[in-house]
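Content type PDB, C-alpha atoms, from the file target.pdb:
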```pdb
ATOM      1  CA  MET J   1     119.671 113.817  49.169
ATOM      2  CA  LEU J   2     117.042 111.650  50.801
ATOM      3  CA  THR J   3     117.956 108.176  51.957
ATOM      4  CA  LEU J   4     115.925 104.964  51.808
ATOM      5  CA  SER J   5     115.800 104.954  55.611
ATOM      6  CA  GLN J   6     113.922 108.258  55.373
ATOM      7  CA  LEU J   7     111.706 107.531  52.381
ATOM      8  CA  ALA J   8     110.240 104.144  53.306
ATOM      9  CA  PRO J   9     108.837 105.079  56.753
ATOM     10  CA  PHE J  10     107.864 108.557  55.539
ATOM     11  CA  LEU J  11     105.837 107.153  52.650
ATOM     12  CA  ALA J  12     104.161 104.683  55.008
ATOM     13  CA  ALA J  13     103.264 107.474  57.436
ATOM     14  CA  VAL J  14     101.982 109.751  54.662
ATOM     15  CA  ALA J  15      99.867 106.972  53.145
ATOM     16  CA  LEU J  16      98.333 106.214  56.552
ATOM     17  CA  ILE J  17      97.516 109.885  57.153
ATOM     18  CA  GLU J  18      96.059 110.485  53.706
ATOM     19  CA  LEU J  19      93.929 107.325  53.846
ATOM     20  CA  THR J  20      92.483 108.251  57.261
ATOM     21  CA  PRO J  21      88.947 109.639  56.778
ATOM     22  CA  GLY J  22      88.744 113.371  57.313
ATOM     23  CA  PRO J  23      87.327 116.664  56.013
ATOM     24  CA  ASN J  24      89.047 116.452  52.629
ATOM     25  CA  MET J  25      87.743 112.978  51.844
ATOM     26  CA  ALA J  26      84.182 113.809  52.853
ATOM     27  CA  TYR J  27      83.986 117.076  50.929
ATOM     28  CA  LEU J  28      85.715 115.753  47.799
ATOM     29  CA  PHE J  29      83.277 112.868  47.637
ATOM     30  CA  VAL J  30      80.355 115.267  48.042
ATOM     31  CA  VAL J  31      81.572 117.586  45.269
ATOM     32  CA  SER J  32      82.543 114.916  42.739
ATOM     33  CA  SER J  33      79.419 112.809  43.218
ATOM     34  CA  ARG J  34      77.223 115.888  42.973
ATOM     35  CA  SER J  35      78.933 117.805  40.143
ATOM     36  CA  GLY J  36      81.373 115.442  38.485
ATOM     37  CA  ARG J  37      85.056 114.799  37.999
ATOM     38  CA  ALA J  38      86.074 118.275  36.802
ATOM     39  CA  ALA J  39      84.518 119.923  39.850
ATOM     40  CA  GLY J  40      86.326 117.459  42.100
ATOM     41  CA  MET J  41      89.712 118.117  40.499
ATOM     42  CA  VAL J  42      89.329 121.894  40.868
ATOM     43  CA  THR J  43      88.655 121.270  44.563
ATOM     44  CA  VAL J  44      91.767 119.066  44.737
ATOM     45  CA  ALA J  45      93.787 122.014  43.401
ATOM     46  CA  GLY J  46      92.512 124.196  46.256
ATOM     47  CA  ILE J  47      93.279 121.491  48.819
ATOM     48  CA  THR J  48      96.805 121.121  47.431
ATOM     49  CA  LEU J  49      97.427 124.862  47.716
ATOM     50  CA  GLY J  50      96.336 124.634  51.359
ATOM     51  CA  LEU J  51      98.969 121.960  52.000
ATOM     52  CA  SER J  52     101.549 124.021  50.120
ATOM     53  CA  ILE J  53     100.898 126.955  52.457
ATOM     54  CA  TYR J  54     101.705 124.806  55.484
ATOM     55  CA  LEU J  55     104.856 123.535  53.762
ATOM     56  CA  ALA J  56     105.934 127.107  52.959
ATOM     57  CA  VAL J  57     105.353 128.177  56.579
ATOM     58  CA  THR J  58     107.525 125.277  57.773
ATOM     59  CA  LEU J  59     110.326 125.990  55.286
ATOM     60  CA  ALA J  60     110.300 129.679  56.240
ATOM     61  CA  GLY J  61     110.970 128.700  59.845
ATOM     62  CA  LEU J  62     107.597 129.937  61.043
ATOM     63  CA  GLY J  63     106.424 126.530  62.217
ATOM     64  CA  GLU J  64     106.926 127.636  65.818
ATOM     65  CA  VAL J  65     103.726 129.676  65.457
ATOM     66  CA  LEU J  66     101.813 126.435  64.952
ATOM     67  CA  ARG J  67     102.971 125.279  68.386
ATOM     68  CA  TRP J  68     100.927 127.933  70.140
ATOM     69  CA  PRO J  69      97.883 126.192  71.674
ATOM     70  CA  TRP J  70      95.522 129.034  70.761
ATOM     71  CA  VAL J  71      96.548 128.801  67.086
ATOM     72  CA  LEU J  72      95.780 125.080  66.971
ATOM     73  CA  ALA J  73      92.509 125.675  68.832
ATOM     74  CA  LEU J  74      91.582 128.412  66.362
ATOM     75  CA  LEU J  75      92.282 126.115  63.415
ATOM     76  CA  ARG J  76      90.349 123.276  65.020
ATOM     77  CA  TRP J  77      87.201 125.248  65.837
ATOM     78  CA  GLY J  78      87.403 127.174  62.583
ATOM     79  CA  GLY J  79      87.447 123.836  60.771
ATOM     80  CA  VAL J  80      84.466 122.595  62.782
ATOM     81  CA  ALA J  81      82.467 125.748  62.008
ATOM     82  CA  TYR J  82      83.383 125.570  58.333
ATOM     83  CA  LEU J  83      82.310 121.924  58.030
ATOM     84  CA  VAL J  84      79.015 122.687  59.760
ATOM     85  CA  TRP J  85      78.448 125.528  57.285
ATOM     86  CA  LEU J  86      79.240 123.197  54.368
ATOM     87  CA  ALA J  87      76.818 120.615  55.773
ATOM     88  CA  ILE J  88      74.040 123.225  56.009
ATOM     89  CA  ASP J  89      74.774 124.392  52.459
ATOM     90  CA  THR J  90      74.671 120.780  51.221
ATOM     91  CA  TRP J  91      71.375 120.131  53.037
ATOM     92  CA  ARG J  92      69.850 123.219  51.438
ATOM     93  CA  ALA J  93      71.035 121.997  48.048
ATOM     94  CA  GLY J  94      69.083 118.816  48.777
ATOM     95  CA  ASP J  95      65.997 120.900  49.505
ATOM     96  CA  ARG J  96      66.372 122.714  46.182
ATOM     97  CA  ALA J  97      66.857 119.419  44.355
ATOM     98  CA  ALA J  98      63.764 117.962  46.024
ATOM     99  CA  GLY J  99      61.706 120.969  44.953
ATOM    100  CA  ALA J 100      62.887 120.620  41.375
ATOM    101  CA  ASP J 101      62.595 116.832  41.440
ATOM    102  CA  ALA J 102      66.088 116.761  39.925
ATOM    103  CA  GLY J 103      68.593 113.988  39.588
ATOM    104  CA  ARG J 104      72.334 114.458  39.712
ATOM    105  CA  ASN J 105      73.413 118.072  39.335
ATOM    106  CA  GLU J 106      75.445 118.115  36.121
ATOM    107  CA  ALA J 107      76.078 121.876  36.227
ATOM    108  CA  MET J 108      79.545 122.558  37.599
ATOM    109  CA  PRO J 109      79.611 125.324  40.229
ATOM    110  CA  PRO J 110      81.927 128.289  39.596
ATOM    111  CA  PRO J 111      85.540 126.952  39.656
ATOM    112  CA  ALA J 112      86.688 129.846  41.875
ATOM    113  CA  ARG J 113      84.127 128.834  44.523
ATOM    114  CA  LEU J 114      85.211 125.192  44.407
ATOM    115  CA  PHE J 115      88.891 126.143  44.581
ATOM    116  CA  LEU J 116      88.367 128.477  47.539
ATOM    117  CA  ARG J 117      86.282 125.947  49.442
ATOM    118  CA  GLY J 118      88.937 123.280  48.934
ATOM    119  CA  LEU J 119      91.602 125.724  50.112
ATOM    120  CA  MET J 120      89.655 126.728  53.220
ATOM    121  CA  ASN J 121      88.790 123.120  54.004
ATOM    122  CA  ASN J 122      92.498 122.291  54.142
ATOM    123  CA  VAL J 123      93.855 125.432  55.802
ATOM    124  CA  LEU J 124      91.344 124.947  58.638
ATOM    125  CA  ASN J 125      92.311 121.301  59.117
ATOM    126  CA  PRO J 126      94.564 121.126  62.216
ATOM    127  CA  LYS J 127      95.794 117.691  61.127
ATOM    128  CA  ASN J 128      97.912 119.429  58.506
ATOM    129  CA  ALA J 129      99.456 121.789  61.063
ATOM    130  CA  VAL J 130     100.399 118.831  63.249
ATOM    131  CA  PHE J 131     101.812 116.943  60.247
ATOM    132  CA  TYR J 132     104.173 119.744  59.249
ATOM    133  CA  LEU J 133     104.999 120.641  62.852
ATOM    134  CA  VAL J 134     105.637 117.184  64.301
ATOM    135  CA  LEU J 135     105.847 114.457  61.688
ATOM    136  CA  LEU J 136     107.788 115.952  58.788
ATOM    137  CA  PRO J 137     110.682 117.403  60.859
ATOM    138  CA  GLY J 138     111.109 114.008  62.487
ATOM    139  CA  PHE J 139     112.202 112.546  59.147
ATOM    140  CA  VAL J 140     114.879 115.188  58.513
ATOM    141  CA  GLU J 141     118.364 113.798  59.204
ATOM    142  CA  PRO J 142     120.815 116.597  60.129
ATOM    143  CA  GLU J 143     123.813 114.432  59.260
ATOM    144  CA  ALA J 144     122.494 114.068  55.694
ATOM    145  CA  GLY J 145     123.097 117.776  54.992
ATOM    146  CA  ASN J 146     120.790 120.689  54.017
ATOM    147  CA  ALA J 147     117.836 120.241  56.379
ATOM    148  CA  THR J 148     115.683 122.742  54.484
ATOM    149  CA  GLY J 149     116.256 120.873  51.222
ATOM    150  CA  GLN J 150     115.303 117.593  52.860
ATOM    151  CA  ALA J 151     112.120 119.122  54.289
ATOM    152  CA  LEU J 152     111.245 120.549  50.863
ATOM    153  CA  HIS J 153     111.678 117.188  49.134
ATOM    154  CA  LEU J 154     109.684 115.374  51.816
ATOM    155  CA  GLY J 155     106.939 117.996  51.584
ATOM    156  CA  LEU J 156     106.762 117.660  47.802
ATOM    157  CA  ILE J 157     106.468 113.890  48.167
ATOM    158  CA  HIS J 158     103.587 114.415  50.574
ATOM    159  CA  LEU J 159     101.890 116.743  48.096
ATOM    160  CA  ALA J 160     102.255 114.158  45.322
ATOM    161  CA  VAL J 161     100.777 111.370  47.468
ATOM    162  CA  SER J 162      97.978 113.688  48.562
ATOM    163  CA  VAL J 163      97.076 114.573  44.965
ATOM    164  CA  GLY J 164      97.055 110.873  44.039
ATOM    165  CA  VAL J 165      94.793 109.848  46.926
ATOM    166  CA  HIS J 166      92.445 112.787  46.451
ATOM    167  CA  SER J 167      92.198 112.125  42.716
ATOM    168  CA  LEU J 168      91.132 108.551  43.440
ATOM    169  CA  ILE J 169      88.442 109.851  45.802
ATOM    170  CA  VAL J 170      87.212 112.190  43.059
ATOM    171  CA  LEU J 171      87.014 109.310  40.574
ATOM    172  CA  GLY J 172      85.151 107.191  43.124
ATOM    173  CA  GLY J 173      82.723 109.987  43.929
ATOM    174  CA  ASP J 174      82.107 110.673  40.253
ATOM    175  CA  ARG J 175      81.360 106.989  39.639
ATOM    176  CA  ALA J 176      79.068 106.823  42.650
ATOM    177  CA  GLY J 177      77.135 109.855  41.432
ATOM    178  CA  ARG J 178      76.774 108.415  37.937
ATOM    179  CA  ALA J 179      75.691 105.037  39.314
ATOM    180  CA  ALA J 180      73.087 106.676  41.540
ATOM    181  CA  GLY J 181      71.779 108.627  38.555
ATOM    182  CA  ALA J 182      71.642 105.496  36.412
ATOM    183  CA  LEU J 183      69.616 103.742  39.096
ATOM    184  CA  GLY J 184      67.152 106.613  39.127
ATOM    185  CA  ALA J 185      68.131 107.897  42.563
ATOM    186  CA  THR J 186      67.101 111.488  43.097
ATOM    187  CA  ALA J 187      69.600 114.049  44.316
ATOM    188  CA  TRP J 188      67.967 115.184  47.531
ATOM    189  CA  PRO J 189      68.385 112.006  49.630
ATOM    190  CA  LEU J 190      72.056 111.854  48.569
ATOM    191  CA  GLU J 191      72.617 115.518  49.403
ATOM    192  CA  ARG J 192      71.148 115.017  52.858
ATOM    193  CA  LEU J 193      73.254 111.904  53.401
ATOM    194  CA  PHE J 194      76.351 113.899  52.423
ATOM    195  CA  ALA J 195      75.308 116.706  54.782
ATOM    196  CA  LEU J 196      75.081 114.237  57.667
ATOM    197  CA  ALA J 197      78.505 112.828  56.721
ATOM    198  CA  LEU J 198      80.017 116.326  56.875
ATOM    199  CA  LEU J 199      78.415 116.875  60.282
ATOM    200  CA  ALA J 200      79.908 113.581  61.471
ATOM    201  CA  VAL J 201      83.368 114.705  60.373
ATOM    202  CA  ALA J 202      82.819 118.056  62.145
ATOM    203  CA  ALA J 203      81.869 116.207  65.336
ATOM    204  CA  TRP J 204      85.011 114.062  65.032
ATOM    205  CA  LEU J 205      87.153 117.175  64.572
ATOM    206  CA  ALA J 206      85.510 118.776  67.625
ATOM    207  CA  LEU J 207      86.619 115.915  69.886
ATOM    208  CA  PRO J 208      89.489 116.926  72.190
ATOM    209  CA  PRO J 209      92.895 115.797  70.866
ATOM    210  CA  PRO J 210      94.389 112.742  72.573
TER     211      PRO J 210
END
```

Entire entry expressed as structure tokens:
Amino acid sequence: MLTLSQLAPFLAAVALIELTPGPNMAYLFVVSSRSGRAAGMVTVAGITLGLSIYLAVTLAGLGEVLRWPWVLALLRWGGVAYLVWLAIDTWRAGDRAAGADAGRNEAMPPPARLFLRGLMNNVLNPKNAVFYLVLLPGFVEPEAGNATGQALHLGLIHLAVSVGVHSLIVLGGDRAGRAAGALGATAWPLERLFALALLAVAAWLALPPP
């Protein structure tokens, strides 16, 4: 049973983490503004599975693996490489849109591709490893009983907050894409702007941890 002394600070910490700009925010905005709300929500499902994997690893007692410096370094540089690849792919999409003189891309990409990209974007985000390794266990109170049950409930709360925040980003991206289309903005400048945003996030992720 979780106590109020656990829930209040945990919710505040989770909200702060989820509202901090990062790979998920950038990519969700790109997808939903480019291809619409449905595409964004499929990506959210992939992102949520990525978080669930970290939660499962923690509950299984395998979180110690995430303490190994080379594992965190692998996740960090894998995430950087993946974001750079997404930025290149987005830039090329802008080139294709410019050649076709197209507006907003209304055709939704294959759901499996969106889901997998969302999953990979989250699995390769070292912020999630640190969250489940350092932050979540700090809110488990041994005197309150069943530590695994507490961690599970806290993790599920995090997943719920994450889905809520990411859904709002999808709605905002979808609106931004529709507004740009209504104003007659062509797709290629937006795609290139999104590509630069993804590169900026990759550069931020590449910075050495404090």

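Our summary of the geometry notes that atom CA of Thr20 of chain J is positioned 27.8 Å from atom CA of Arg92 of chain J.
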
Residue contacts of segment 1-18 of chain J (7 Å, all atoms listed in the file) excluding same-chain residues fewer than 5 positions away, as a ChimeraX atom specification:
/J:139,150,158,162,165

What is the distance, in Å and to one decimal place, between atom CA of Ala195 of chain J and atom CA of Val130 of chain J?
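Result for atom CA of Ala195 of chain J versus atom CA of Val130 of chain J: 26.6 Å, one decimal.
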
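Across the structure, atom CA of Val57 of chain J and atom CA of Asn146 of chain J are spaced 17.3 Å apart.
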
Quick one: apply the PyMOL selection byres ((chain J and resi 152) around 12) to the file and drop the selected residues here as a short mmCIF file (atom, residue, chain, number, x, y, z; two decimals) with C-alpha atoms, in the coordinates of the input.
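Just written: expr_7.cif:
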```
data_model
loop_
_atom_site.label_atom_id
_atom_site.label_comp_id
_atom_site.auth_asym_id
_atom_site.auth_seq_id
_atom_site.Cartn_x
_atom_site.Cartn_y
_atom_site.Cartn_z
CA MET J 1 119.67 113.82 49.17
CA LEU J 2 117.04 111.65 50.80
CA SER J 52 101.55 124.02 50.12
CA TYR J 54 101.70 124.81 55.48
CA LEU J 55 104.86 123.54 53.76
CA ALA J 56 105.93 127.11 52.96
CA VAL J 57 105.35 128.18 56.58
CA THR J 58 107.52 125.28 57.77
CA LEU J 59 110.33 125.99 55.29
CA ALA J 60 110.30 129.68 56.24
CA TYR J 132 104.17 119.74 59.25
CA LEU J 136 107.79 115.95 58.79
CA PRO J 137 110.68 117.40 60.86
CA PHE J 139 112.20 112.55 59.15
CA VAL J 140 114.88 115.19 58.51
CA ASN J 146 120.79 120.69 54.02
CA ALA J 147 117.84 120.24 56.38
CA THR J 148 115.68 122.74 54.48
CA GLY J 149 116.26 120.87 51.22
CA GLN J 150 115.30 117.59 52.86
CA ALA J 151 112.12 119.12 54.29
CA HIS J 153 111.68 117.19 49.13
CA LEU J 154 109.68 115.37 51.82
CA GLY J 155 106.94 118.00 51.58
CA LEU J 156 106.76 117.66 47.80
CA ILE J 157 106.47 113.89 48.17
CA HIS J 158 103.59 114.42 50.57
CA LEU J 159 101.89 116.74 48.10
#
```

List the residues selected by the PyMOL selection byres ((chain J and resi 23) around 9) in the file shown, writing them as a PDB file with C-alpha atoms, keeping the file's coordinate frame.
```
ATOM      1  CA  PRO J  21      88.947 109.639  56.778  1.00  0.00           C
ATOM      2  CA  GLY J  22      88.744 113.371  57.313  1.00  0.00           C
ATOM      3  CA  ASN J  24      89.047 116.452  52.629  1.00  0.00           C
ATOM      4  CA  MET J  25      87.743 112.978  51.844  1.00  0.00           C
ATOM      5  CA  ALA J  26      84.182 113.809  52.853  1.00  0.00           C
ATOM      6  CA  TYR J  27      83.986 117.076  50.929  1.00  0.00           C
ATOM      7  CA  LEU J  28      85.715 115.753  47.799  1.00  0.00           C
ATOM      8  CA  GLY J  79      87.447 123.836  60.771  1.00  0.00           C
ATOM      9  CA  LEU J  83      82.310 121.924  58.030  1.00  0.00           C
ATOM     10  CA  ASN J 121      88.790 123.120  54.004  1.00  0.00           C
ATOM     11  CA  ASN J 122      92.498 122.291  54.142  1.00  0.00           C
ATOM     12  CA  ASN J 125      92.311 121.301  59.117  1.00  0.00           C
ATOM     13  CA  LEU J 198      80.017 116.326  56.875  1.00  0.00           C
ATOM     14  CA  VAL J 201      83.368 114.705  60.373  1.00  0.00           C
ATOM     15  CA  ALA J 202      82.819 118.056  62.145  1.00  0.00           C
ATOM     16  CA  LEU J 205      87.153 117.175  64.572  1.00  0.00           C
TER      17      LEU J 205
END
```

Exercise on segment 118-130 of chain J, axis-aligned box with 8 Å per side, report centre and edge lengths in Å to one decimal, as AutoDock Vina command-line options:
```
--center_x 94.6 --center_y 122.2 --center_z 56.1 --size_x 27.6 --size_y 25.0 --size_z 30.3
```

Selection: 9 Å around Tyr82 of chain J, only C-alpha atoms, excl. self and same-chain fewer than 4 positions, as a ChimeraX atom specification
/J:77-78,86-87,120-121,124,202

For the PyMOL selection byres ((chain J and resi 110-112) around 10), applied here, can you spell out every residue it catches as a PyMOL selection string?
chain J and resi 38-43+46+107-109+113-118

Filtering to C-alpha atoms, could you give me those residues as a short mmCIF file (atom, residue, chain, number, x, y, z; two decimals), in the frame of the given file?
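The file below, out25.cif, is the result:
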```
data_model
loop_
_atom_site.label_atom_id
_atom_site.label_comp_id
_atom_site.auth_asym_id
_atom_site.auth_seq_id
_atom_site.Cartn_x
_atom_site.Cartn_y
_atom_site.Cartn_z
CA ALA J 38 86.07 118.28 36.80
CA ALA J 39 84.52 119.92 39.85
CA GLY J 40 86.33 117.46 42.10
CA MET J 41 89.71 118.12 40.50
CA VAL J 42 89.33 121.89 40.87
CA THR J 43 88.66 121.27 44.56
CA GLY J 46 92.51 124.20 46.26
CA ALA J 107 76.08 121.88 36.23
CA MET J 108 79.54 122.56 37.60
CA PRO J 109 79.61 125.32 40.23
CA ARG J 113 84.13 128.83 44.52
CA LEU J 114 85.21 125.19 44.41
CA PHE J 115 88.89 126.14 44.58
CA LEU J 116 88.37 128.48 47.54
CA ARG J 117 86.28 125.95 49.44
CA GLY J 118 88.94 123.28 48.93
#
```

Using all atoms listed in the file, which of the listed residues (J:Leu51, J:Phe29, J:Leu19, J:Ala200) sits closest to Ile169 of chain J?
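Closest residue, counting all atoms listed in the file: J:Phe29.
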